[in-house]
file query.cif (mmCIF, C-alpha atoms and all ligand atoms; chains and numbers go by the auth columns)
data_input
loop_
_atom_site.group_PDB
_atom_site.id
_atom_site.type_symbol
_atom_site.label_atom_id
_atom_site.label_comp_id
_atom_site.label_asym_id
_atom_site.label_seq_id
_atom_site.Cartn_x
_atom_site.Cartn_y
_atom_site.Cartn_z
_atom_site.B_iso_or_equiv
_atom_site.auth_seq_id
_atom_site.auth_asym_id
ATOM 1 C CA MET A 1 50.776 33.459 32.239 0.00 1 A
ATOM 2 C CA PHE A 2 51.739 32.412 28.714 0.00 2 A
ATOM 3 C CA LYS A 3 50.660 28.833 29.442 0.00 3 A
ATOM 4 C CA GLN A 4 47.341 30.112 30.724 0.00 4 A
ATOM 5 C CA LEU A 5 46.794 32.051 27.498 0.00 5 A
ATOM 6 C CA ILE A 6 47.584 28.992 25.361 0.00 6 A
ATOM 7 C CA GLY A 7 45.199 26.962 27.552 0.00 7 A
ATOM 8 C CA SER A 8 42.344 29.386 27.097 0.00 8 A
ATOM 9 C CA VAL A 9 42.892 29.545 23.323 0.00 9 A
ATOM 10 C CA ARG A 10 42.814 25.718 23.190 0.00 10 A
ATOM 11 C CA SER A 11 39.616 25.525 25.190 0.00 11 A
ATOM 12 C CA MET A 12 38.097 28.155 22.919 0.00 12 A
ATOM 13 C CA ILE A 13 38.979 26.005 19.880 0.00 13 A
ATOM 14 C CA ARG A 14 37.457 22.930 21.588 0.00 14 A
ATOM 15 C CA ARG A 15 34.236 24.841 22.248 0.00 15 A
ATOM 16 C CA LEU A 16 34.104 25.974 18.630 0.00 16 A
ATOM 17 C CA ARG A 17 34.654 22.425 17.347 0.00 17 A
ATOM 18 C CA SER A 18 32.047 20.909 19.623 0.00 18 A
ATOM 19 C CA ALA A 19 29.542 23.583 18.604 0.00 19 A
ATOM 20 C CA THR A 20 30.132 22.750 14.942 0.00 20 A
ATOM 21 C CA SER A 21 29.882 18.992 15.464 0.00 21 A
ATOM 22 C CA THR A 22 26.712 19.368 17.559 0.00 22 A
ATOM 23 C CA GLY A 23 25.198 21.183 14.609 0.00 23 A
ATOM 24 C CA GLY A 24 26.131 18.283 12.367 0.00 24 A
ATOM 25 C CA ARG A 25 24.765 15.648 14.730 0.00 25 A
ATOM 26 C CA GLY A 26 21.615 17.649 15.292 0.00 26 A
ATOM 27 C CA HIS A 27 20.722 17.259 11.649 0.00 27 A
ATOM 28 C CA LEU A 28 21.025 13.460 11.480 0.00 28 A
ATOM 29 C CA PRO A 29 18.297 12.344 13.917 0.00 29 A
ATOM 30 C CA PHE A 30 15.899 14.634 12.091 0.00 30 A
ATOM 31 C CA ALA A 31 16.742 12.977 8.762 0.00 31 A
ATOM 32 C CA ARG A 32 16.333 9.510 10.288 0.00 32 A
ATOM 33 C CA SER A 33 13.088 10.173 12.143 0.00 33 A
ATOM 34 C CA SER A 34 11.455 11.818 9.149 0.00 34 A
ATOM 35 C CA LYS A 35 11.482 8.537 7.196 0.00 35 A
ATOM 36 C CA PRO A 36 8.956 6.350 9.075 0.00 36 A
ATOM 37 C CA ALA A 37 6.571 9.291 9.447 0.00 37 A
ATOM 38 C CA HIS A 38 6.866 9.900 5.727 0.00 38 A
ATOM 39 C CA GLU A 39 6.289 6.228 4.819 0.00 39 A
ATOM 40 C CA ALA A 40 2.716 6.223 6.124 0.00 40 A
ATOM 41 C CA GLU A 41 1.829 8.943 3.622 0.00 41 A
ATOM 42 C CA THR A 42 3.206 7.173 0.586 0.00 42 A
ATOM 43 C CA PHE A 43 0.483 4.504 0.460 0.00 43 A
ATOM 44 C CA GLY A 44 -2.808 4.767 -1.361 0.00 44 A
ATOM 45 C CA CYS A 45 -4.840 7.863 -2.105 0.00 45 A
ATOM 46 C CA ARG A 46 -7.463 9.857 -0.205 0.00 46 A
ATOM 47 C CA TYR A 47 -10.170 7.521 -1.501 0.00 47 A
ATOM 48 C CA CYS A 48 -8.685 4.202 -0.427 0.00 48 A
ATOM 49 C CA TRP A 49 -6.530 5.102 2.601 0.00 49 A
ATOM 50 C CA PRO A 50 -8.036 8.071 4.493 0.00 50 A
ATOM 51 C CA ARG A 51 -6.676 9.168 7.876 0.00 51 A
ATOM 52 C CA ALA A 52 -9.739 8.240 9.942 0.00 52 A
ATOM 53 C CA ALA A 53 -10.063 4.525 10.711 0.00 53 A
ATOM 54 C CA ASN A 54 -13.854 4.512 10.250 0.00 54 A
ATOM 55 C CA ALA A 55 -13.514 6.171 6.839 0.00 55 A
ATOM 56 C CA ALA A 56 -10.821 3.664 5.861 0.00 56 A
ATOM 57 C CA TRP A 57 -13.141 0.793 6.816 0.00 57 A
ATOM 58 C CA LYS A 58 -15.881 2.249 4.594 0.00 58 A
ATOM 59 C CA ALA A 59 -13.357 2.740 1.767 0.00 59 A
ATOM 60 C CA ARG A 60 -12.311 -0.911 2.064 0.00 60 A
ATOM 61 C CA HIS A 61 -15.652 -1.950 0.568 0.00 61 A
ATOM 62 C CA LEU A 62 -14.819 -0.055 -2.635 0.00 62 A
ATOM 63 C CA LEU A 63 -11.582 -1.976 -3.135 0.00 63 A
ATOM 64 C CA GLU A 64 -11.494 -4.583 -5.861 0.00 64 A
ATOM 65 C CA GLN A 65 -10.670 -8.170 -4.986 0.00 65 A
ATOM 66 C CA GLU A 66 -7.661 -9.202 -7.025 0.00 66 A
ATOM 67 C CA VAL A 67 -6.339 -12.526 -5.697 0.00 67 A
ATOM 68 C CA ASP A 68 -7.362 -15.057 -3.061 0.00 68 A
ATOM 69 C CA LEU A 69 -4.205 -16.195 -1.292 0.00 69 A
ATOM 70 C CA ILE A 70 -5.920 -18.332 1.375 0.00 70 A
ATOM 71 C CA ASP A 71 -9.614 -19.132 1.127 0.00 71 A
ATOM 72 C CA GLN A 72 -10.754 -21.058 4.172 0.00 72 A
ATOM 73 C CA SER A 73 -14.022 -20.493 5.990 0.00 73 A
ATOM 74 C CA HIS A 74 -12.269 -19.134 9.124 0.00 74 A
ATOM 75 C CA PHE A 75 -9.125 -17.750 7.534 0.00 75 A
ATOM 76 C CA HIS A 76 -9.353 -15.696 4.373 0.00 76 A
ATOM 77 C CA VAL A 77 -6.383 -13.785 2.932 0.00 77 A
ATOM 78 C CA MET A 78 -6.638 -11.788 -0.265 0.00 78 A
ATOM 79 C CA ILE A 79 -5.067 -8.956 -2.201 0.00 79 A
ATOM 80 C CA LEU A 80 -7.337 -5.974 -2.788 0.00 80 A
ATOM 81 C CA ALA A 81 -6.658 -3.063 -5.130 0.00 81 A
ATOM 82 C CA CYS A 82 -7.794 0.554 -5.315 0.00 82 A
ATOM 83 C CA ARG A 83 -9.469 1.321 -8.646 0.00 83 A
ATOM 84 C CA ARG A 84 -8.297 4.935 -8.507 0.00 84 A
ATOM 85 C CA CYS A 85 -4.606 4.750 -7.603 0.00 85 A
ATOM 86 C CA GLY A 86 -3.825 1.047 -8.028 0.00 86 A
ATOM 87 C CA GLN A 87 -2.555 0.641 -4.432 0.00 87 A
ATOM 88 C CA ARG A 88 -2.538 -3.037 -3.377 0.00 88 A
ATOM 89 C CA PHE A 89 -3.594 -4.153 0.112 0.00 89 A
ATOM 90 C CA VAL A 90 -3.383 -7.448 1.946 0.00 90 A
ATOM 91 C CA SER A 91 -6.641 -8.257 3.695 0.00 91 A
ATOM 92 C CA VAL A 92 -6.740 -10.898 6.432 0.00 92 A
ATOM 93 C CA PHE A 93 -9.981 -12.253 7.914 0.00 93 A
ATOM 94 C CA THR A 94 -9.873 -14.572 10.910 0.00 94 A
ATOM 95 C CA GLU A 95 -12.682 -16.220 12.877 0.00 95 A
ATOM 96 C CA MET A 96 -12.871 -18.216 16.103 0.00 96 A
ATOM 97 C CA ILE A 97 -16.023 -20.296 16.492 0.00 97 A
ATOM 98 C CA ASP A 98 -17.990 -19.689 19.694 0.00 98 A
ATOM 99 C CA TRP A 99 -19.415 -23.193 20.198 0.00 99 A
ATOM 100 C CA VAL A 100 -21.505 -22.151 23.208 0.00 100 A
ATOM 101 C CA ARG A 101 -23.395 -19.080 22.011 0.00 101 A
ATOM 102 C CA GLY A 102 -22.636 -19.045 18.304 0.00 102 A
ATOM 103 C CA ASP A 103 -21.244 -15.505 18.641 0.00 103 A
ATOM 104 C CA ASP A 104 -18.060 -16.101 16.636 0.00 104 A
ATOM 105 C CA ALA A 105 -15.144 -13.713 17.219 0.00 105 A
ATOM 106 C CA GLN A 106 -14.142 -12.118 13.935 0.00 106 A
ATOM 107 C CA SER A 107 -11.287 -9.880 12.900 0.00 107 A
ATOM 108 C CA TRP A 108 -10.395 -8.084 9.686 0.00 108 A
ATOM 109 C CA ARG A 109 -7.011 -6.505 9.024 0.00 109 A
ATOM 110 C CA LEU A 110 -5.945 -4.433 6.067 0.00 110 A
ATOM 111 C CA ILE A 111 -2.411 -3.270 5.272 0.00 111 A
ATOM 112 C CA PRO A 112 -1.082 -1.556 2.125 0.00 112 A
ATOM 113 C CA ILE A 113 1.851 -3.278 0.420 0.00 113 A
ATOM 114 C CA THR A 114 4.557 -2.191 -2.002 0.00 114 A
ATOM 115 C CA SER A 115 4.822 -3.748 -5.464 0.00 115 A
ATOM 116 C CA GLU A 116 8.056 -5.467 -4.313 0.00 116 A
ATOM 117 C CA GLU A 117 6.224 -7.035 -1.374 0.00 117 A
ATOM 118 C CA GLN A 118 3.411 -8.133 -3.659 0.00 118 A
ATOM 119 C CA ALA A 119 5.880 -9.770 -6.055 0.00 119 A
ATOM 120 C CA GLU A 120 7.588 -11.604 -3.179 0.00 120 A
ATOM 121 C CA LEU A 121 4.384 -12.999 -1.647 0.00 121 A
ATOM 122 C CA SER A 122 4.224 -16.725 -2.296 0.00 122 A
ATOM 123 C CA ALA A 123 1.095 -18.303 -3.742 0.00 123 A
ATOM 124 C CA THR A 124 0.635 -20.283 -0.522 0.00 124 A
ATOM 125 C CA VAL A 125 1.520 -17.519 1.900 0.00 125 A
ATOM 126 C CA SER A 126 2.292 -18.485 5.521 0.00 126 A
ATOM 127 C CA GLU A 127 1.157 -16.606 8.610 0.00 127 A
ATOM 128 C CA ALA A 128 4.788 -15.808 9.451 0.00 128 A
ATOM 129 C CA GLU A 129 5.253 -14.319 5.983 0.00 129 A
ATOM 130 C CA LEU A 130 2.137 -12.176 6.421 0.00 130 A
ATOM 131 C CA GLU A 131 3.341 -10.886 9.786 0.00 131 A
ATOM 132 C CA ARG A 132 6.661 -9.803 8.258 0.00 132 A
ATOM 133 C CA LEU A 133 4.839 -7.367 5.950 0.00 133 A
ATOM 134 C CA GLY A 134 5.402 -3.673 6.656 0.00 134 A
ATOM 135 C CA PRO A 135 6.661 -3.597 10.257 0.00 135 A
ATOM 136 C CA GLY A 136 5.547 -0.307 11.819 0.00 136 A
ATOM 137 C CA ARG A 137 3.240 0.450 8.903 0.00 137 A
ATOM 138 C CA ARG A 138 -0.292 1.690 9.549 0.00 138 A
ATOM 139 C CA CYS A 139 -2.702 -1.262 9.517 0.00 139 A
ATOM 140 C CA LEU A 140 -6.507 -1.061 9.746 0.00 140 A
ATOM 141 C CA VAL A 141 -8.215 -3.425 12.180 0.00 141 A
ATOM 142 C CA ARG A 142 -11.876 -4.216 12.671 0.00 142 A
ATOM 143 C CA ASP A 143 -12.290 -6.493 15.681 0.00 143 A
ATOM 144 C CA TYR A 144 -15.600 -8.099 16.545 0.00 144 A
ATOM 145 C CA PRO A 145 -14.923 -10.062 19.739 0.00 145 A
ATOM 146 C CA THR A 146 -17.421 -12.540 21.165 0.00 146 A
ATOM 147 C CA GLY A 147 -20.042 -10.749 23.272 0.00 147 A
ATOM 148 C CA GLU A 148 -18.777 -7.282 22.382 0.00 148 A
ATOM 149 C CA ARG A 149 -19.383 -4.548 19.852 0.00 149 A
ATOM 150 C CA PRO A 150 -17.168 -4.190 16.761 0.00 150 A
ATOM 151 C CA ARG A 151 -14.196 -1.814 17.073 0.00 151 A
ATOM 152 C CA ILE A 152 -12.311 -0.140 14.228 0.00 152 A
ATOM 153 C CA ASN A 153 -8.778 1.060 14.946 0.00 153 A
ATOM 154 C CA TRP A 154 -5.299 1.643 13.569 0.00 154 A
ATOM 155 C CA THR A 155 -2.457 -0.620 14.608 0.00 155 A
ATOM 156 C CA SER A 156 1.153 -0.915 13.585 0.00 156 A
ATOM 157 C CA GLY A 157 2.135 -3.795 11.295 0.00 157 A
ATOM 158 C CA LEU A 158 0.133 -6.919 10.453 0.00 158 A
ATOM 159 C CA PHE A 159 -0.767 -9.467 13.105 0.00 159 A
ATOM 160 C CA VAL A 160 -2.654 -12.666 12.291 0.00 160 A
ATOM 161 C CA ASP A 161 -5.215 -13.452 14.996 0.00 161 A
ATOM 162 C CA ARG A 162 -5.974 -16.970 16.229 0.00 162 A
ATOM 163 C CA HIS A 163 -8.513 -18.710 14.051 0.00 163 A
ATOM 164 C CA ASP A 164 -10.272 -22.073 13.612 0.00 164 A
HETATM 165 ZN ZN ZN B . -6.331 4.641 -3.863 0.00 1 B
#
call {"tool": "encode", "arguments": {"input": "query.cif", "output": "structure tokens"}}
result
Amino acid sequence: MFKQLIGSVRSMIRRLRSATSTGGRGHLPFARSSKPAHEAETFGCRYCWPRAANAAWKARHLLEQEVDLIDQSHFHVMILACRRCGQRFVSVFTEMIDWVRGDDAQSWRLIPITSEEQAELSATVSEAELERLGPGRRCLVRDYPTGERPRINWTSGLFVDRHD
């Protein structure tokens, strides 16, 4: 009888402890998951980086060209800047020649970068270096595949398409 009482008191303490620690654990995933969602909002302003992909593509034309990193006819990489908020973007243009019909496949990608990332970009940036920029970050893509209509979408992170 006495042992039973001790046992039930112990199990009550265990329940209390586990309830407290569940509360503590419950808070952590929230803190962790709020970071990536928050990151997307810390780039640019409503003029240069709107939520809708089509609007962002229109806004891209208002960005100022700052530096040419790679300037080849089928592979053009540059840094663009917003005149209003100063946000820097890496813009990547790639093209594959369609030798048969002359309907070259083209792709434009645009991703915002931090000032640290900008400072670390080498003058002769490699494709691997470009693809390491902002993993999981919102990236604007305008694809114009051979024989198809252009598509404007959001993707995650920067990917450098095949090019001539
Ligand atoms: Zn801006």
call {"tool": "atom_distance", "arguments": {"input": "query.cif", "atom1": "atom CA of A:Val100", "atom2": "atom CA of A:Val77"}}
result
26.6 Å
call {"tool": "atom_distance", "arguments": {"input": "query.cif", "atom1": "atom CA of A:Gln118", "atom2": "atom CA of A:Arg137"}}
result
15.2 Å
call {"tool": "residues_around", "arguments": {"input": "query.cif", "residues": "A:Arg83", "least_positions_apart": "4", "cutoff": "9 Å", "atoms": "all atoms listed in the file", "output": "PyMOL selection string"}}
result
chain A and resi 48+62-64+87
call {"tool": "closest_atom_pairs", "arguments": {"input": "query.cif", "of": "chain A", "to": "ligand ZN 1 (chain B)", "cutoff": "6 Å", "atoms": "only C-alpha atoms and all ligand atoms", "output": "Markdown table"}}
result
| residue | atom | partner | partner_atom | distance |
| --- | --- | --- | --- | --- |
| A:Gly44 | CA | B:ZN1 | ZN | 4.3 |
| A:Cys45 | CA | B:ZN1 | ZN | 4.0 |
| A:Tyr47 | CA | B:ZN1 | ZN | 5.3 |
| A:Cys48 | CA | B:ZN1 | ZN | 4.2 |
| A:Cys82 | CA | B:ZN1 | ZN | 4.6 |
| A:Arg84 | CA | B:ZN1 | ZN | 5.1 |
| A:Cys85 | CA | B:ZN1 | ZN | 4.1 |
| A:Gln87 | CA | B:ZN1 | ZN | 5.5 |
call {"tool": "write_last_selection", "arguments": {"input": "query.cif", "atoms": "C-alpha atoms", "output": "PDB file, keeping the file's coordinate frame"}}
result
ATOM      1  CA  GLY A  44      -2.808   4.767  -1.361  1.00  0.00           C
ATOM      2  CA  CYS A  45      -4.840   7.863  -2.105  1.00  0.00           C
ATOM      3  CA  TYR A  47     -10.170   7.521  -1.501  1.00  0.00           C
ATOM      4  CA  CYS A  48      -8.685   4.202  -0.427  1.00  0.00           C
ATOM      5  CA  CYS A  82      -7.794   0.554  -5.315  1.00  0.00           C
ATOM      6  CA  ARG A  84      -8.297   4.935  -8.507  1.00  0.00           C
ATOM      7  CA  CYS A  85      -4.606   4.750  -7.603  1.00  0.00           C
ATOM      8  CA  GLN A  87      -2.555   0.641  -4.432  1.00  0.00           C
TER       9      GLN A  87
END
call {"tool": "resolve_selection", "arguments": {"input": "query.cif", "expression": "the PyMOL selection byres (((chain A and resi 78) around 6) and not hetatm)", "output": "PyMOL selection string"}}
result
chain A and resi 67-69+77+79+90-91
call {"tool": "atom_distance", "arguments": {"input": "query.cif", "atom1": "atom CA of A:Phe159", "atom2": "atom CA of A:Glu131"}}
result
5.5 Å
call {"tool": "closest_residue", "arguments": {"input": "query.cif", "among": "A:Ala56, A:Gln72, A:Ser107, A:Gly136", "to": "A:Leu158", "atoms": "all atoms listed in the file"}}
result
A:Gly136
call {"tool": "closest_residue", "arguments": {"input": "query.cif", "among": "A:Arg51, A:Arg149, A:Arg60, A:Arg162", "to": "A:Leu110", "atoms": "all atoms listed in the file"}}
result
A:Arg60
call {"tool": "residues_around", "arguments": {"input": "query.cif", "residues": "A:Gly102", "least_positions_apart": "4", "cutoff": "12 Å", "atoms": "only C-alpha atoms", "output": "list of chain:residue names"}}
result
A:Glu95, A:Met96, A:Ile97, A:Asp98, A:Gln106, A:Pro145, A:Thr146, A:Gly147
call {"tool": "resolve_selection", "arguments": {"input": "query.cif", "expression": "the PyMOL selection byres (((chain A and resi 139) around 9) and not hetatm)", "output": "list of chain:residue names"}}
result
A:Arg109, A:Leu110, A:Ile111, A:Pro112, A:Gly134, A:Gly136, A:Arg137, A:Arg138, A:Leu140, A:Val141, A:Asn153, A:Trp154, A:Thr155, A:Ser156, A:Gly157, A:Leu158
call {"tool": "write_last_selection", "arguments": {"input": "query.cif", "atoms": "C-alpha atoms", "output": "PDB file, in the frame of the given file"}}
result
ATOM      1  CA  ARG A 109      -7.011  -6.505   9.024  1.00  0.00           C
ATOM      2  CA  LEU A 110      -5.945  -4.433   6.067  1.00  0.00           C
ATOM      3  CA  ILE A 111      -2.411  -3.270   5.272  1.00  0.00           C
ATOM      4  CA  PRO A 112      -1.082  -1.556   2.125  1.00  0.00           C
ATOM      5  CA  GLY A 134       5.402  -3.673   6.656  1.00  0.00           C
ATOM      6  CA  GLY A 136       5.547  -0.307  11.819  1.00  0.00           C
ATOM      7  CA  ARG A 137       3.240   0.450   8.903  1.00  0.00           C
ATOM      8  CA  ARG A 138      -0.292   1.690   9.549  1.00  0.00           C
ATOM      9  CA  LEU A 140      -6.507  -1.061   9.746  1.00  0.00           C
ATOM     10  CA  VAL A 141      -8.215  -3.425  12.180  1.00  0.00           C
ATOM     11  CA  ASN A 153      -8.778   1.060  14.946  1.00  0.00           C
ATOM     12  CA  TRP A 154      -5.299   1.643  13.569  1.00  0.00           C
ATOM     13  CA  THR A 155      -2.457  -0.620  14.608  1.00  0.00           C
ATOM     14  CA  SER A 156       1.153  -0.915  13.585  1.00  0.00           C
ATOM     15  CA  GLY A 157       2.135  -3.795  11.295  1.00  0.00           C
ATOM     16  CA  LEU A 158       0.133  -6.919  10.453  1.00  0.00           C
TER      17      LEU A 158
END
call {"tool": "closest_residue", "arguments": {"input": "query.cif", "among": "A:Ile152, A:Ile113, A:Leu80, A:Ile70", "to": "A:Glu127", "atoms": "all atoms listed in the file"}}
result
A:Ile70
call {"tool": "residues_around", "arguments": {"input": "query.cif", "residues": "A:His76", "least_positions_apart": "6", "cutoff": "7 Å", "atoms": "only C-alpha atoms", "output": "VMD selection string"}}
result
chain A and resid 70 92 to 94
call {"tool": "closest_residue", "arguments": {"input": "query.cif", "among": "A:Glu120, A:Glu66, A:Asp161, A:Asp103", "to": "A:Glu148", "atoms": "all atoms listed in the file"}}
result
A:Asp103
call {"tool": "closest_residue", "arguments": {"input": "query.cif", "among": "A:His61, A:Arg132, A:His74, A:Arg142", "to": "A:Asp164", "atoms": "all atoms listed in the file"}}
result
A:His74
call {"tool": "axis_aligned_box", "arguments": {"input": "query.cif", "around": "stretch 125-138 of chain A", "padding_each_side": "8 Å", "output": "AutoDock Vina command-line options"}}
result
--center_x 3.2 --center_y -8.4 --center_z 6.9 --size_x 23.0 --size_y 36.2 --size_z 25.9
call {"tool": "build_atoms", "arguments": {"input": "query.cif", "residues": "stretch 131-145 of chain A", "atoms": "N, CA and C atoms", "output": "CSV table (one decimal), in the coordinates of the input"}}
result
chain,number,residue,atom,x,y,z
A,131,GLU,N,3.0,-11.7,8.6
A,131,GLU,CA,3.3,-10.9,9.8
A,131,GLU,C,4.7,-10.1,9.6
A,132,ARG,N,5.4,-10.5,8.6
A,132,ARG,CA,6.7,-9.8,8.3
A,132,ARG,C,6.4,-8.6,7.4
A,133,LEU,N,5.2,-8.5,6.8
A,133,LEU,CA,4.8,-7.4,6.0
A,133,LEU,C,4.8,-6.0,6.7
A,134,GLY,N,5.5,-5.0,6.2
A,134,GLY,CA,5.4,-3.7,6.7
A,134,GLY,C,5.5,-3.5,8.2
A,135,PRO,N,6.6,-3.9,8.8
A,135,PRO,CA,6.7,-3.6,10.3
A,135,PRO,C,6.6,-2.1,10.5
A,136,GLY,N,5.7,-1.7,11.5
A,136,GLY,CA,5.5,-0.3,11.8
A,136,GLY,C,4.6,0.4,10.9
A,137,ARG,N,4.1,-0.2,9.9
A,137,ARG,CA,3.2,0.4,8.9
A,137,ARG,C,1.8,0.5,9.5
A,138,ARG,N,1.1,1.5,9.1
A,138,ARG,CA,-0.3,1.7,9.5
A,138,ARG,C,-1.2,0.5,9.0
A,139,CYS,N,-1.9,-0.1,9.9
A,139,CYS,CA,-2.7,-1.3,9.5
A,139,CYS,C,-4.1,-1.0,10.1
A,140,LEU,N,-5.1,-1.3,9.3
A,140,LEU,CA,-6.5,-1.1,9.7
A,140,LEU,C,-7.0,-2.4,10.4
A,141,VAL,N,-7.7,-2.2,11.5
A,141,VAL,CA,-8.2,-3.4,12.2
A,141,VAL,C,-9.7,-3.2,12.5
A,142,ARG,N,-10.5,-4.2,12.2
A,142,ARG,CA,-11.9,-4.2,12.7
A,142,ARG,C,-12.0,-5.5,13.5
A,143,ASP,N,-12.1,-5.4,14.8
A,143,ASP,CA,-12.3,-6.5,15.7
A,143,ASP,C,-13.7,-6.6,16.1
A,144,TYR,N,-14.2,-7.9,16.1
A,144,TYR,CA,-15.6,-8.1,16.5
A,144,TYR,C,-15.5,-9.3,17.5
A,145,PRO,N,-15.1,-9.0,18.8
A,145,PRO,CA,-14.9,-10.1,19.7
A,145,PRO,C,-16.3,-10.6,20.2
